[in-house]
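Note: the block below is target11.cif and it holds mmCIF, C-alpha atoms and all ligand atoms.
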```cif
data_start
#
loop_
_atom_site.label_atom_id
_atom_site.label_comp_id
_atom_site.auth_asym_id
_atom_site.auth_seq_id
_atom_site.Cartn_x
_atom_site.Cartn_y
_atom_site.Cartn_z
CA MET A 1 21.80 83.47 77.23
CA LYS A 2 20.03 81.57 80.03
CA GLU A 3 17.53 83.72 81.96
CA ALA A 4 19.18 82.63 85.26
CA HIS A 5 22.41 84.44 84.29
CA TYR A 6 20.61 87.82 84.44
CA LEU A 7 20.49 87.29 88.21
CA LEU A 8 24.21 88.11 88.20
CA LEU A 9 23.61 91.70 87.04
CA PRO A 10 23.22 93.17 90.58
CA LEU A 11 26.39 91.29 91.59
CA ILE A 12 28.36 92.80 88.71
CA LEU A 13 26.95 96.25 89.48
CA LEU A 14 27.93 95.96 93.16
CA LEU A 15 31.46 94.91 92.20
CA LEU A 16 31.73 97.88 89.82
CA ILE A 17 30.58 100.47 92.38
CA SER A 18 32.41 98.93 95.37
CA PRO A 19 35.61 101.04 94.93
CA PHE A 20 33.53 104.24 95.20
CA ILE A 21 31.67 103.28 98.41
CA SER A 22 33.31 104.61 101.56
CA ASP A 23 31.01 102.91 104.10
CA PRO A 24 32.87 99.63 104.82
CA LEU A 25 29.67 97.75 105.75
CA LEU A 26 27.50 98.67 102.77
CA ILE A 27 28.98 96.31 100.14
CA PRO A 28 29.35 93.19 102.35
CA ALA A 29 25.86 93.79 103.76
CA SER A 30 24.42 94.21 100.23
CA PHE A 31 25.94 90.90 99.11
CA GLY A 32 24.71 89.28 102.34
CA ILE A 33 21.10 90.41 102.06
CA LEU A 34 20.93 89.63 98.31
CA GLY A 35 22.51 86.21 98.92
CA TRP A 36 19.96 85.42 101.63
CA ALA A 37 17.06 86.61 99.43
CA MET A 38 18.33 84.51 96.49
CA LEU A 39 18.67 81.40 98.67
CA LEU A 40 15.05 81.78 99.83
CA PHE A 41 13.98 82.42 96.24
CA VAL A 42 15.76 79.36 94.80
CA THR A 43 14.37 77.14 97.57
CA ALA A 44 10.80 78.34 97.00
CA LEU A 45 11.14 78.50 93.20
CA PRO A 46 9.46 75.21 92.14
CA ARG A 47 6.39 75.98 94.25
CA ILE A 48 6.01 79.64 93.27
CA ALA A 49 6.51 78.71 89.60
CA GLN A 50 3.83 76.03 89.87
CA TRP A 51 1.50 78.34 91.75
CA SER A 52 1.94 81.49 89.61
CA ARG A 53 2.41 79.75 86.20
CA ALA A 54 4.48 82.80 85.14
CA SER A 55 6.64 81.77 82.19
CA ILE A 56 9.80 83.46 83.54
CA LEU A 57 9.49 81.57 86.84
CA ILE A 58 8.87 78.27 85.01
CA LYS A 59 12.04 78.91 82.95
CA LEU A 60 14.05 79.80 86.07
CA SER A 61 12.71 76.70 87.79
CA ALA A 62 14.10 74.59 84.95
CA GLN A 63 17.46 76.39 85.41
CA ARG A 64 17.38 75.99 89.21
CA MET A 65 20.94 74.67 89.43
CA TRP A 66 22.23 77.92 87.91
CA VAL A 67 20.05 80.02 90.23
CA GLY A 68 21.57 78.09 93.15
CA ILE A 69 25.14 78.54 91.91
CA HIS A 70 24.56 82.29 91.42
CA SER A 71 23.10 82.54 94.96
CA PHE A 72 26.32 81.02 96.27
CA LEU A 73 28.37 83.62 94.37
CA TYR A 74 26.56 86.40 96.28
CA VAL A 75 27.34 84.61 99.55
CA LEU A 76 30.97 84.10 98.53
CA PHE A 77 31.39 87.81 97.76
CA HIS A 78 29.70 88.61 101.10
CA LEU A 79 32.43 86.63 102.83
CA ILE A 80 35.23 88.13 100.71
CA PHE A 81 34.03 91.69 101.39
CA VAL A 82 33.53 90.97 105.11
CA LEU A 83 37.17 89.81 105.30
CA ASN A 84 38.41 92.69 103.14
CA ASN A 85 36.31 95.70 104.26
CA ILE A 86 35.76 94.86 107.92
CA PHE A 87 38.86 92.87 108.89
CA SER A 88 41.38 94.03 106.21
CA TRP A 89 42.44 90.34 105.95
CA ASN A 90 43.73 90.52 109.55
CA ILE A 91 43.18 86.94 110.71
CA ASP A 92 43.77 87.81 114.40
CA ALA A 93 41.09 90.52 114.33
CA PHE A 94 38.76 88.11 112.55
CA LEU A 95 39.36 85.31 115.10
CA THR A 96 38.79 87.76 117.98
CA ALA A 97 35.45 88.78 116.44
CA VAL A 98 34.56 85.10 115.96
CA SER A 99 35.33 84.23 119.59
CA ASN A 100 33.30 87.24 120.83
CA ASN A 101 30.28 86.25 118.71
CA LEU A 102 30.80 82.50 118.41
CA ALA A 103 27.12 81.57 117.95
CA TYR A 104 26.59 83.97 115.04
CA TYR A 105 29.87 83.19 113.26
CA SER A 106 29.74 79.41 113.75
CA THR A 107 26.20 79.24 112.33
CA ALA A 108 27.38 81.34 109.35
CA THR A 109 30.43 79.14 108.78
CA LEU A 110 28.40 75.91 108.90
CA ALA A 111 25.81 77.38 106.52
CA PHE A 112 28.61 78.48 104.20
CA LEU A 113 30.11 74.96 104.17
CA ILE A 114 26.72 73.40 103.36
CA LEU A 115 26.23 75.88 100.49
CA LEU A 116 29.77 75.23 99.25
CA LEU A 117 29.13 71.47 99.12
CA MET A 118 25.81 72.04 97.39
CA THR A 119 27.44 74.28 94.79
CA ILE A 120 30.30 71.87 94.09
CA THR A 121 27.76 69.07 93.54
CA SER A 122 25.39 71.14 91.41
CA ASN A 123 26.03 69.15 88.23
CA ARG A 124 24.74 65.99 86.54
CA PHE A 125 27.93 64.02 87.25
CA SER A 126 27.57 64.51 91.03
CA MET A 127 23.88 63.62 90.81
CA LEU A 128 24.72 60.29 89.16
CA LEU A 129 27.63 59.64 91.54
CA LEU A 130 25.87 60.49 94.82
CA LYS A 131 22.47 59.01 93.86
CA LYS A 132 20.08 59.26 96.89
CA TRP A 133 22.79 61.11 98.89
CA TRP A 134 22.59 64.00 96.40
CA LYS A 135 18.98 64.73 97.39
CA ARG A 136 19.86 64.34 101.08
CA LEU A 137 22.79 66.75 100.75
CA HIS A 138 20.70 69.31 98.87
CA ASN A 139 17.90 69.06 101.47
CA LEU A 140 20.44 70.56 103.90
CA VAL A 141 19.58 73.93 102.34
CA TYR A 142 16.76 74.12 104.92
CA LEU A 143 19.28 73.76 107.75
CA ALA A 144 21.51 76.37 106.06
CA LEU A 145 18.57 78.81 105.88
CA LEU A 146 17.88 78.33 109.58
CA LEU A 147 21.56 78.89 110.46
CA ILE A 148 21.63 82.03 108.31
CA ALA A 149 18.57 83.42 110.12
CA ILE A 150 20.45 83.01 113.45
CA HIS A 151 23.61 84.55 111.94
CA VAL A 152 21.81 87.62 110.62
CA PHE A 153 19.84 88.05 113.87
CA GLY A 154 23.16 88.52 115.66
CA LEU A 155 25.23 90.41 113.09
CA GLY A 156 22.78 92.27 110.84
CA LEU A 157 23.31 96.05 111.00
CA VAL A 158 22.64 97.67 107.66
CA TYR A 159 19.51 96.28 105.95
CA ALA A 160 18.59 93.56 108.41
CA ASN A 161 16.52 95.56 110.89
CA ILE A 162 14.00 93.60 112.96
CA LEU A 163 11.22 93.98 110.35
CA VAL A 164 13.35 92.73 107.45
CA TRP A 165 14.74 89.95 109.64
CA LEU A 166 11.21 88.88 110.68
CA LEU A 167 10.05 88.84 107.05
CA PHE A 168 12.96 86.62 105.98
CA ALA A 169 12.72 84.44 109.11
CA ILE A 170 8.98 83.84 108.56
CA ALA A 171 9.70 82.87 104.92
CA THR A 172 12.40 80.47 106.20
CA LEU A 173 10.04 78.94 108.74
CA TYR A 174 7.29 78.57 106.14
CA LEU A 175 9.66 76.77 103.72
CA ILE A 176 10.87 74.41 106.48
CA LEU A 177 7.33 73.57 107.67
CA ASN A 178 6.20 73.09 104.08
CA LYS A 179 9.10 70.70 103.44
CA ILE A 180 8.26 68.68 106.60
CA LYS A 181 4.62 68.46 105.45
CA ARG A 182 5.65 67.20 102.00
CA MET A 183 8.06 64.66 103.52
CA LYS A 184 5.26 63.21 105.69
CA ARG A 185 3.01 62.63 102.66
C1 LIG B 201 26.19 81.40 104.56
C2 LIG B 201 25.70 82.42 103.95
C3 LIG B 201 25.61 83.81 104.53
C4 LIG B 201 24.57 84.67 104.32
C5 LIG B 201 23.35 84.45 103.44
C6 LIG B 201 24.86 85.86 105.08
C7 LIG B 201 24.04 86.95 105.13
C8 LIG B 201 24.25 88.05 105.91
C9 LIG B 201 23.35 89.15 106.05
C10 LIG B 201 21.99 89.26 105.36
C11 LIG B 201 23.89 90.03 106.90
C12 LIG B 201 23.28 91.33 107.42
C13 LIG B 201 23.48 92.46 106.45
C14 LIG B 201 22.98 93.71 107.08
O1 LIG B 201 23.69 94.26 107.91
O2 LIG B 201 21.87 94.13 106.76
C15 LIG B 201 25.18 89.52 107.30
C16 LIG B 201 26.07 90.18 108.13
C17 LIG B 201 27.33 89.73 108.39
N1 LIG B 201 27.87 88.53 108.02
FE1 LIG B 201 26.99 87.11 106.89
N2 LIG B 201 26.08 85.72 105.72
C18 LIG B 201 26.57 84.48 105.41
C19 LIG B 201 27.77 83.96 105.82
C20 LIG B 201 28.72 84.65 106.51
C21 LIG B 201 30.04 84.14 106.85
C22 LIG B 201 30.56 82.75 106.45
C23 LIG B 201 30.67 85.13 107.56
C24 LIG B 201 32.04 85.13 108.16
C25 LIG B 201 32.53 84.09 108.75
C26 LIG B 201 29.77 86.24 107.67
C27 LIG B 201 30.04 87.43 108.32
C28 LIG B 201 29.16 88.46 108.49
C29 LIG B 201 29.46 89.70 109.20
C30 LIG B 201 30.78 90.06 109.86
C31 LIG B 201 28.31 90.47 109.13
C32 LIG B 201 28.12 91.91 109.72
C33 LIG B 201 28.58 92.93 108.71
C34 LIG B 201 27.58 93.11 107.57
O3 LIG B 201 26.45 93.54 107.82
O4 LIG B 201 27.96 92.80 106.42
N3 LIG B 201 28.60 85.92 107.01
N4 LIG B 201 25.37 88.29 106.70
#
```
Translate this file's structure into structure tokens.
Ligand code: HEM
Amino acid sequence: MKEAHYLLLPLILLLLISPFISDPLLIPASFGILGWAMLLFVTALPRIAQWSRASILIKLSAQRMWVGIHSFLYVLFHLIFVLNNIFSWNIDAFLTAVSNNLAYYSTATLAFLILLLMTITSNRFSMLLLKKWWKRLHNLVYLALLLIAIHVFGLGLVYANILVWLLFAIATLYLILNKIKRMKR
């Protein structure tokens, strides 16, 4: 089995325990924070693998597409559990919440759409088809990370206290600045 698939173990565990958790926020928030952490990890992966030379990170770097797809699964379950646990699939209640917190929901929705497109095109066929557009599309992960930071700043309640948010936001900023530096070279 590919090492990247082990990253799904916390996801499976969360799904298994979810029926026994009474706090409605805990499961969606857990998927949200893990999804955000995984997205930062997969974006930084080539550089931390190169820097640390740890064999597990080098292997995961070679399986980066899978790490990206698995990150999206965490995000997808975050959305499913938000709709299920918080809004009980009541679209009116959801739309009211969206209109009351438009900035934080619209950034989340745009980030989600970027990640969805990236996941759909995470295969060799799409790479060959889209050519230079594939790289451009996948570079949008930096925009998605920025949008997620705004989203969590507004809606984070469970894990995302100001310290955790700052830690993740600084990592996001570092990755973006590092990317700009590499693009200028
Ligand atoms: C695009 C990827 C997304 C990521 C990485 C993400 C991540 C997160 C994180 C880390 C939190 C804070 C968890 C905490 O309270 O500690 C959160 C909260 C929340 N997110 Fe997202 N989110 C994403 C997309 C979305 C989308 C598309 C929606 C719905 C349109 C959404 C709705 C919410 C809501 C309602 C909360 C507050 C409840 C909670 O804490 O779970 N998120 N999100």
Item to check | Atomic separation - CA of Ala108 in chain A relative to CA of Leu45 in chain A, Å | outcome: 23.1 Å
Item to check | 6 Å shell around ligand LIG 201 (chain B) using all atoms listed in the file, listed as number ranges by chain | outcome: A: 25, 28-29, 32-33, 35-36, 75, 79, 82, 105, 108-109, 111-112, 148, 152, 155-160
Print the selection's residues with C-alpha atoms to a file, as a compact mmCIF listing (two decimals), in the coordinates of the input.
```txt
# COMPACT_ATOMS: atom_id res chain seq x y z
CA LEU A 25 29.67 97.75 105.75
CA PRO A 28 29.35 93.19 102.35
CA ALA A 29 25.86 93.79 103.76
CA GLY A 32 24.71 89.28 102.34
CA ILE A 33 21.10 90.41 102.06
CA GLY A 35 22.51 86.21 98.92
CA TRP A 36 19.96 85.42 101.63
CA VAL A 75 27.34 84.61 99.55
CA LEU A 79 32.43 86.63 102.83
CA VAL A 82 33.53 90.97 105.11
CA TYR A 105 29.87 83.19 113.26
CA ALA A 108 27.38 81.34 109.35
CA THR A 109 30.43 79.14 108.78
CA ALA A 111 25.81 77.38 106.52
CA PHE A 112 28.61 78.48 104.20
CA ILE A 148 21.63 82.03 108.31
CA VAL A 152 21.81 87.62 110.62
CA LEU A 155 25.23 90.41 113.09
CA GLY A 156 22.78 92.27 110.84
CA LEU A 157 23.31 96.05 111.00
CA VAL A 158 22.64 97.67 107.66
CA TYR A 159 19.51 96.28 105.95
CA ALA A 160 18.59 93.56 108.41
```
Checklist entry - So which one's closest to Asn178 in chain A, A:Phe94, A:Phe87, A:Tyr142, A:Trp51? Using only C-alpha atoms, please. => result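 Ranked by minimum distance to Asn178 in chain A, first place goes to A:Tyr142.
Here the question is which of A:Leu15, A:Ala97, A:Leu143, A:Ala4 gets nearest to Ala62 in chain A using only C-alpha atoms, and that residue is A:Ala4.
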Checklist entry - For Val67 in chain A, which residue out of A:Leu137, A:Ile86, A:Ile27, A:Leu8 is the nearest one, using all atoms listed in the file? => result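 Ranking A:Leu137, A:Ile86, A:Ile27, A:Leu8 by distance to Val67 in chain A, first place goes to A:Leu8.
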Item to check | Top pick for closest residue to Val98 in chain A, considering A:His151, A:Lys59, A:His70, A:Arg53 and counting all atoms listed in the file | outcome: A:His151
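Interatomic distance, CA of Val164 in chain A to CA of Ser88 in chain A: 28.1 Å.
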Next on the checklist: Between CA of Met127 in chain A and CA of Leu73 in chain A, what distance in Å does the model show, to one decimal?
Outcome noted: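 So the two atoms, CA of Met127 in chain A and CA of Leu73 in chain A, lie 20.8 Å apart.
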Checklist entry - Contacts of Leu57 in chain A at 9 Å or less, counting only C-alpha atoms, minus same-chain residues fewer than 6 places along, as a list in words? => result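 Once the nearby chain positions are removed, what remains is Leu45, Pro46, Ile48, Ala49 and Gln50 of chain A.
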Checklist entry - From the set A:Leu76, A:Ile12, A:Leu34, A:Leu7, which residue has the shortest atom-to-atom contact distance to Phe168 in chain A, counting all atoms listed in the file? => result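 Checking each candidate against Phe168 in chain A, we get A:Leu34 as the closest.
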Checklist entry - Out of A:Tyr104, A:Ile170, A:Phe125, A:Arg185, which residue has the shortest atom-to-atom distance to Gly154 in chain A when counting all atoms listed in the file? => result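 Smallest separation from Gly154 in chain A among the options: A:Tyr104.
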Item to check | Residue neighbourhood Leu40 in chain A, 8 Å, all atoms listed in the file, exclusion window fewer than 2 positions, as a ChimeraX atom specification | outcome: /A:36-38,42-44,145,171-172
Listed atoms of range 31-37 of chain A boxed along x, y and z, 4 Å each side, centre and edge lengths in Å, one decimal, as AutoDock Vina command-line options:
```
--center_x 21.5 --center_y 88.2 --center_z 100.3 --size_x 16.9 --size_y 13.5 --size_z 12.0
```
Item to check | Shell around Ile114 in chain A at 7 Å using all atoms listed in the file, local window under 3 positions removed, as a list in words | outcome: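 In the requested form, the answer reads Leu110, Ala111, Leu117, Met118, Leu140 and Ala144 of chain A.
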Filtering to C-alpha atoms, could range 10-143 of chain A of the supplied structure be written out as a CSV table (one decimal), in the first residue's frame?
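As a result, result_1.csv now contains:
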```
chain,number,residue,atom,x,y,z
A,10,PRO,CA,-7.6,9.8,11.0
A,11,LEU,CA,-10.4,10.4,8.5
A,12,ILE,CA,-11.7,6.8,8.9
A,13,LEU,CA,-11.4,7.0,12.7
A,14,LEU,CA,-13.4,10.3,12.8
A,15,LEU,CA,-16.1,8.8,10.6
A,16,LEU,CA,-16.3,5.7,12.9
A,17,ILE,CA,-16.6,7.8,16.1
A,18,SER,CA,-18.8,10.5,14.7
A,19,PRO,CA,-22.1,8.8,15.7
A,20,PHE,CA,-21.0,8.8,19.3
A,21,ILE,CA,-20.1,12.5,19.5
A,22,SER,CA,-22.9,14.7,20.8
A,23,ASP,CA,-21.1,18.1,20.3
A,24,PRO,CA,-22.4,19.1,16.8
A,25,LEU,CA,-19.3,21.2,16.1
A,26,LEU,CA,-16.5,18.7,17.1
A,27,ILE,CA,-16.6,16.5,14.0
A,28,PRO,CA,-16.9,19.2,11.3
A,29,ALA,CA,-14.2,21.3,13.1
A,30,SER,CA,-11.9,18.2,13.3
A,31,PHE,CA,-12.2,17.6,9.6
A,32,GLY,CA,-11.8,21.3,8.9
A,33,ILE,CA,-8.6,21.7,10.9
A,34,LEU,CA,-7.1,18.5,9.6
A,35,GLY,CA,-8.0,19.5,6.1
A,36,TRP,CA,-6.3,22.8,6.5
A,37,ALA,CA,-3.2,21.2,8.1
A,38,MET,CA,-3.0,18.7,5.2
A,39,LEU,CA,-3.3,21.4,2.6
A,40,LEU,CA,-0.4,23.3,4.1
A,41,PHE,CA,1.6,20.0,4.4
A,42,VAL,CA,1.1,19.0,0.8
A,43,THR,CA,2.0,22.5,-0.4
A,44,ALA,CA,5.2,22.6,1.6
A,45,LEU,CA,6.0,18.9,1.0
A,46,PRO,CA,8.6,19.1,-1.8
A,47,ARG,CA,10.6,21.7,0.2
A,48,ILE,CA,10.5,20.0,3.6
A,49,ALA,CA,11.4,16.6,1.9
A,50,GLN,CA,14.4,18.2,0.2
A,51,TRP,CA,15.4,20.0,3.3
A,52,SER,CA,15.0,17.1,5.8
A,53,ARG,CA,16.0,14.3,3.5
A,54,ALA,CA,13.7,12.0,5.6
A,55,SER,CA,12.9,8.9,3.5
A,56,ILE,CA,9.1,9.0,4.5
A,57,LEU,CA,8.8,12.6,3.3
A,58,ILE,CA,10.7,11.8,0.1
A,59,LYS,CA,8.3,9.0,-0.6
A,60,LEU,CA,5.2,11.1,0.2
A,61,SER,CA,6.6,13.9,-2.0
A,62,ALA,CA,6.7,11.4,-4.9
A,63,GLN,CA,3.1,10.5,-4.1
A,64,ARG,CA,2.0,14.2,-3.8
A,65,MET,CA,-1.0,13.8,-6.0
A,66,TRP,CA,-2.5,11.2,-3.5
A,67,VAL,CA,-1.6,13.5,-0.6
A,68,GLY,CA,-3.5,16.3,-2.3
A,69,ILE,CA,-6.5,14.1,-3.1
A,70,HIS,CA,-6.7,12.9,0.5
A,71,SER,CA,-6.5,16.5,1.8
A,72,PHE,CA,-9.5,17.3,-0.4
A,73,LEU,CA,-11.4,14.3,1.2
A,74,TYR,CA,-10.9,15.9,4.6
A,75,VAL,CA,-12.3,19.2,3.3
A,76,LEU,CA,-15.2,17.4,1.6
A,77,PHE,CA,-16.2,15.7,4.9
A,78,HIS,CA,-15.8,19.1,6.7
A,79,LEU,CA,-18.5,20.5,4.3
A,80,ILE,CA,-20.7,17.4,4.6
A,81,PHE,CA,-20.6,17.5,8.4
A,82,VAL,CA,-21.1,21.3,8.5
A,83,LEU,CA,-24.3,20.8,6.4
A,84,ASN,CA,-25.4,17.8,8.4
A,85,ASN,CA,-24.5,18.6,12.0
A,86,ILE,CA,-24.9,22.4,12.0
A,87,PHE,CA,-27.7,23.0,9.4
A,88,SER,CA,-29.4,19.5,9.3
A,89,TRP,CA,-29.5,19.9,5.5
A,90,ASN,CA,-31.8,22.9,5.9
A,91,ILE,CA,-30.9,25.0,2.9
A,92,ASP,CA,-32.8,28.1,4.2
A,93,ALA,CA,-30.9,28.1,7.5
A,94,PHE,CA,-27.6,27.6,5.6
A,95,LEU,CA,-28.4,30.5,3.2
A,96,THR,CA,-29.3,32.8,6.1
A,97,ALA,CA,-25.9,31.9,7.8
A,98,VAL,CA,-24.2,32.6,4.5
A,99,SER,CA,-25.8,36.0,4.1
A,100,ASN,CA,-25.0,36.9,7.7
A,101,ASN,CA,-21.3,36.0,7.2
A,102,LEU,CA,-20.9,36.5,3.5
A,103,ALA,CA,-17.1,37.2,3.6
A,104,TYR,CA,-16.2,34.0,5.5
A,105,TYR,CA,-18.6,31.7,3.6
A,106,SER,CA,-17.8,33.1,0.1
A,107,THR,CA,-14.0,32.8,0.7
A,108,ALA,CA,-14.6,29.2,1.8
A,109,THR,CA,-16.8,28.4,-1.2
A,110,LEU,CA,-14.2,29.8,-3.6
A,111,ALA,CA,-11.4,27.9,-1.9
A,112,PHE,CA,-13.5,24.7,-2.1
A,113,LEU,CA,-14.1,25.2,-5.8
A,114,ILE,CA,-10.4,25.7,-6.5
A,115,LEU,CA,-9.6,22.5,-4.5
A,116,LEU,CA,-12.4,20.6,-6.3
A,117,LEU,CA,-10.9,21.5,-9.7
A,118,MET,CA,-7.4,20.6,-8.5
A,119,THR,CA,-8.6,17.2,-7.3
A,120,ILE,CA,-10.5,16.4,-10.5
A,121,THR,CA,-7.4,17.3,-12.5
A,122,SER,CA,-5.0,15.4,-10.3
A,123,ASN,CA,-4.2,12.7,-12.9
A,124,ARG,CA,-1.7,12.2,-15.8
A,125,PHE,CA,-4.5,12.6,-18.4
A,126,SER,CA,-5.4,16.1,-17.2
A,127,MET,CA,-1.7,17.0,-17.0
A,128,LEU,CA,-1.3,16.1,-20.7
A,129,LEU,CA,-4.6,17.7,-21.7
A,130,LEU,CA,-4.1,21.0,-19.9
A,131,LYS,CA,-0.4,21.4,-20.5
A,132,LYS,CA,0.9,24.7,-19.0
A,133,TRP,CA,-2.7,25.5,-17.7
A,134,TRP,CA,-2.4,22.5,-15.4
A,135,LYS,CA,0.5,24.2,-13.5
A,136,ARG,CA,-1.4,27.5,-13.5
A,137,LEU,CA,-4.5,25.8,-12.1
A,138,HIS,CA,-2.6,24.0,-9.4
A,139,ASN,CA,-0.7,27.2,-8.4
A,140,LEU,CA,-4.1,28.4,-7.3
A,141,VAL,CA,-3.6,26.4,-4.1
A,142,TYR,CA,-1.8,29.5,-2.7
A,143,LEU,CA,-5.0,31.6,-3.3
```
